[in-house]
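Q: Supplied in structure tokens, the structure appears directly below.
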Amino acid sequence: MSNPSPVAQQQAFFQRIAGSVAGIAFWQHNPVERTIIRTKELDAICGLPDITEDEAAKPIPDDFYVALVPLEDQELLARTGQDMMAEGVGALREVEHRIIRPDGEERVVMVREELTTDDVGVPVFRGSTLDVTDIRAKELHLDRLIEQKNILLGEVNHRVKNSLQLVSSILSLQARSADEALKDCLLSAAGRVHAISAVHASFYQGPESQLVDISAHLRSFCRQLCDSFCRSNHVVRVDVIAEKVFVHADVAVPLSVIVNELMSNAMRHGQADNTGGGSKIEVRLSRSGQGKVCLSVSNSTHAGETPLHATGQDEANTLSTNGLGLQLVKIVAQQIGADVDVNTDAGWRTDVVFDS
Amino acid sequence: MGRALIIEDELLIALHVQTLLEDEGHCVVGTARTADDAVDLAKAHDLDVIIADIRLADGSQGHDAVARIRAGQEVAVIFVSGNVMGEDDEDLERFAPLAVLTKPFNPNSLIDALKSISRG
């Protein structure tokens with residue numbers, strides 16, 4: 001008997017490693033004679049007594065294995081085998097099935113097999129078997145943890161929305177019993193809370209839970225602001241032209257605050273155009289290259305005053321709406337690393353450029 | 001003027017909703033914090049509209065209360081939902097609501113939805 005070639009020796013070495021270290025069993029199944037030869041790891045996987053490598057290498061009837069497989073899984077294995085035989089030599093399959101060990105313990109094994117031929121051309125199945133019970137149990141546990149996490153996140157978000165509604169309601173109720181000057185401040189505060197609250201409605205709506213479709217939010221929010229303003233003031237028309245941009249929640253909230261301030265100023269300081277059709281405001285969201293996004297609010301019909309170029313008096317008076325509005329825009333823009341540019345060459349326009 | 005029932009477990013929010021309803025000329029017959037309380041209140045009044053939160057104090061659901069109330073009388077409904085991923089939407093649409101508002105809601109959206117009651 002000639003010595004095995006170096007390649008065969010190497011393959012045998014790696015197979016022993018796969019078996020002893022990784023617990024992978026190798027086997028060959030003759031479907032006609034219904035016999036099987038295997039490595040001893042297969043018996044270990046099945047919870048059978050230890051055997052030697054020599055014992056494992058002798059072909060034995062495959063009933064010892066079939067007896068361990070539940071009936072429904074036997075049908076699966078039989079169908080798999082028939083499909084492979086129909087496909088012919090070279091057919092490959094991966095299938096998971098259960099086994100019930102002699103001590104009653106149920107395990108899940110993953111089988112990878114190939115239809116090939118033996119030395120005399122007889123079709124045989126050759127493959128490997130690995131016990132994946134613990135892996136599947138961990139996956140199931142992780143799936144349950146993820147589901148619990150999602151439920152918890154949903155509950156937290158629901159609570160936040162409820163709390164923001166409470167704050168908004170309290171401010172609105174307080175405004176009803178306040179004098180005119182204080183009422184304006186409280187309603188302005190309620191509007192700022194609503195700017196933060198409104199973007200929360202967009203959470204969990206995008207393809208990823210922490211990303212917000214800021215373009216959809218802008219359309220909805222600007223329309224709400226316009227509707228509220230027009231009920232008790234002159235007519236304002238708002239055009240929102242927005243590319244679809246997703247931003248992280250940490251950016252969405254500051255952007256909503258900025259839009260609230262810019263829109264509120266634009267509506268207050270706008271005036272009817274020369275056709276008598278009310279003032280016009282444009283809100284534009286567009287990518288400006290190099291990973292930047294530009295949010296622009298402009299009013300072509302604004303009055304002479306440039307609201308965000310606060311006068312010295314306004315800057316000194318931090319309780320004035322204009323002074324606080326400028327501070328809010330600058331602070332939240334700084335928070336998201338955005339640049340703010342005010343242009344008054346033709347009407348009034350504020351650009352806020354931030355990283356997408 | 002219509003008669004309205006508010007189903008909401010946060011009483012300050014309920015008070016806010018009540019002021020909005022009364023500003024529009026409606027009469028609020030009461031506020032219920034649970035589905036059972038809502039059903040009991042509804043038995044004593046002919047209602048024109050229900051403003052219903054979805055998740056209530058005792059774990060009951062606002063739309064369940066509406067279904068039970070509607071077994072005894074026809075009444076319009078406006079839902080105020082804090083739902084996160086739209087999972088309530090299909091359930092709510094079968095009630096043919098005047099509106100489904102998401103918390104935190106814009107008061108003007110509620111007022112607009114109520115206008116159809118006034119016109120009706």
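Labels used: A, B, ... for chains in the order of the structure tokens, numbers from 1 for residues in each chain, and numbers from 1 for ligands as shown.
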For segment 70-81 of chain B, work out the shell of residues within 9 Å, counting only C-alpha atoms and skipping chain neighbours fewer than 6 positions away, then give it as a ChimeraX atom specification.
A: /B:8,42-43,46-55,62-63,88,92,95-105,110,113-114,117
Q: Could you list the residues in chain A lying within 8 Å of chain B, using only C-alpha atoms, and format the result as an mmCIF file with C-alpha atoms, in the first residue's frame?
A:
data_model
loop_
_atom_site.group_PDB
_atom_site.id
_atom_site.type_symbol
_atom_site.label_atom_id
_atom_site.label_comp_id
_atom_site.auth_asym_id
_atom_site.auth_seq_id
_atom_site.Cartn_x
_atom_site.Cartn_y
_atom_site.Cartn_z
ATOM 1 C CA GLY A 154 -41.541 53.116 20.535
ATOM 2 C CA ASN A 157 -40.949 58.060 21.672
ATOM 3 C CA HIS A 158 -44.640 57.926 22.494
ATOM 4 C CA LYS A 161 -44.536 63.081 22.094
ATOM 5 C CA ASN A 162 -47.092 63.073 24.872
ATOM 6 C CA LEU A 164 -44.229 67.707 24.261
ATOM 7 C CA GLN A 165 -47.976 67.905 23.705
ATOM 8 C CA LEU A 166 -48.382 68.642 27.420
ATOM 9 C CA SER A 168 -47.550 72.931 24.152
ATOM 10 C CA SER A 169 -50.995 72.667 25.744
ATOM 11 C CA ILE A 170 -49.846 74.325 28.980
ATOM 12 C CA SER A 172 -51.524 77.681 25.006
ATOM 13 C CA LEU A 173 -53.740 77.530 28.102
ATOM 14 C CA HIS A 194 -44.240 73.141 18.371
ATOM 15 C CA SER A 197 -42.537 68.784 18.643
ATOM 16 C CA ALA A 198 -43.467 68.701 14.977
ATOM 17 C CA ALA A 201 -43.784 63.279 14.384
ATOM 18 C CA PHE A 203 -39.199 60.165 13.740
ATOM 19 C CA TYR A 204 -39.556 56.488 12.860
ATOM 20 C CA GLN A 205 -41.040 57.347 9.480
ATOM 21 C CA GLN A 224 -48.866 74.709 9.311
ATOM 22 C CA ASP A 227 -51.997 78.515 7.951
ATOM 23 C CA SER A 228 -51.651 79.718 11.545
#
Q: Excluding same-chain residues fewer than 5 positions from Ala333 of chain A, what lies within 10 Å of it counting only C-alpha atoms, as number ranges by chain?
A: A: 251, 254-255, 257-258, 327-328, 338-340, 352-354
Q: Store the residues picked out above, limited to N, CA and C atoms, as a tab-separated table (two decimals), in the first residue's frame.
A:
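New file again_10.tsv:
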chain	number	residue	atom	x	y	z
A	251	VAL	N	-29.89	66.58	14.04
A	251	VAL	CA	-29.84	67.72	13.11
A	251	VAL	C	-31.25	68.20	12.79
A	254	PRO	N	-32.74	70.91	15.52
A	254	PRO	CA	-32.24	72.28	15.32
A	254	PRO	C	-32.71	72.91	14.01
A	255	LEU	N	-32.76	72.14	12.93
A	255	LEU	CA	-33.23	72.69	11.65
A	255	LEU	C	-34.67	73.17	11.76
A	257	VAL	N	-36.13	74.27	14.46
A	257	VAL	CA	-36.11	75.52	15.24
A	257	VAL	C	-35.71	76.68	14.34
A	258	ILE	N	-34.67	76.46	13.51
A	258	ILE	CA	-34.20	77.52	12.60
A	258	ILE	C	-35.30	77.91	11.63
A	327	GLN	N	-30.53	85.01	18.23
A	327	GLN	CA	-29.69	84.17	19.10
A	327	GLN	C	-29.98	82.68	18.89
A	328	LEU	N	-31.27	82.35	18.81
A	328	LEU	CA	-31.64	80.94	18.64
A	328	LEU	C	-31.07	80.38	17.33
A	338	ALA	N	-23.40	74.46	11.25
A	338	ALA	CA	-23.90	75.10	10.04
A	338	ALA	C	-23.42	76.54	9.94
A	339	ASP	N	-23.26	77.00	8.71
A	339	ASP	CA	-22.94	78.40	8.44
A	339	ASP	C	-24.20	79.15	8.08
A	340	VAL	N	-24.36	80.35	8.64
A	340	VAL	CA	-25.56	81.16	8.37
A	340	VAL	C	-25.13	82.41	7.62
A	352	VAL	N	-28.70	78.64	5.30
A	352	VAL	CA	-28.07	77.84	6.35
A	352	VAL	C	-27.47	76.61	5.68
A	353	VAL	N	-26.14	76.52	5.71
A	353	VAL	CA	-25.46	75.44	5.01
A	353	VAL	C	-24.88	74.47	6.04
A	354	PHE	N	-25.22	73.19	5.89
A	354	PHE	CA	-24.76	72.21	6.87
A	354	PHE	C	-24.32	70.94	6.17
Q: Mind giving me the straight-line distance from atom CA of Ala249 of chain A to atom CA of Leu262 of chain A in Å, one decimal?
A: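 For atom CA of Ala249 of chain A relative to atom CA of Leu262 of chain A, the distance reads 20.0 Å.
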Q: Taking only segment 2-194 of chain A into account, list the residues labelled alpha helix (DSSP H) by DSSP (computed from the backbone), as a PyMOL selection string.
A: chain A and resi 6-22+40-45+53-57+63-66+71-87+133-176+180-194
Q: What lies within 7 Å of Thr34 of chain B using only C-alpha atoms, ignoring chain neighbours under 6 positions off, as a list of chain:residue names?
A: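 The neighbour list is B:Asp9, B:Leu56, B:Ala57, B:Asp58, B:Ser60.
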Q: Just the residues within 6 Å of Leu5 of chain B, please, counting only C-alpha atoms, with nothing from its chain fewer than 2 positions along; format it as a PyMOL selection string.
A: chain B and resi 28-30+50
Q: What is the distance between atom CA of Asp62 of chain A and atom CA of Leu130 of chain A, in Å to one decimal?
A: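 Separation between atom CA of Asp62 of chain A and atom CA of Leu130 of chain A: 17.8 Å.
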Q: Please measure the separation of atom CA of Glu114 of chain A and atom CA of Val89 of chain A, giving the value in Å to one decimal.
A: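 Here the two named atoms are 7.9 Å from each other.
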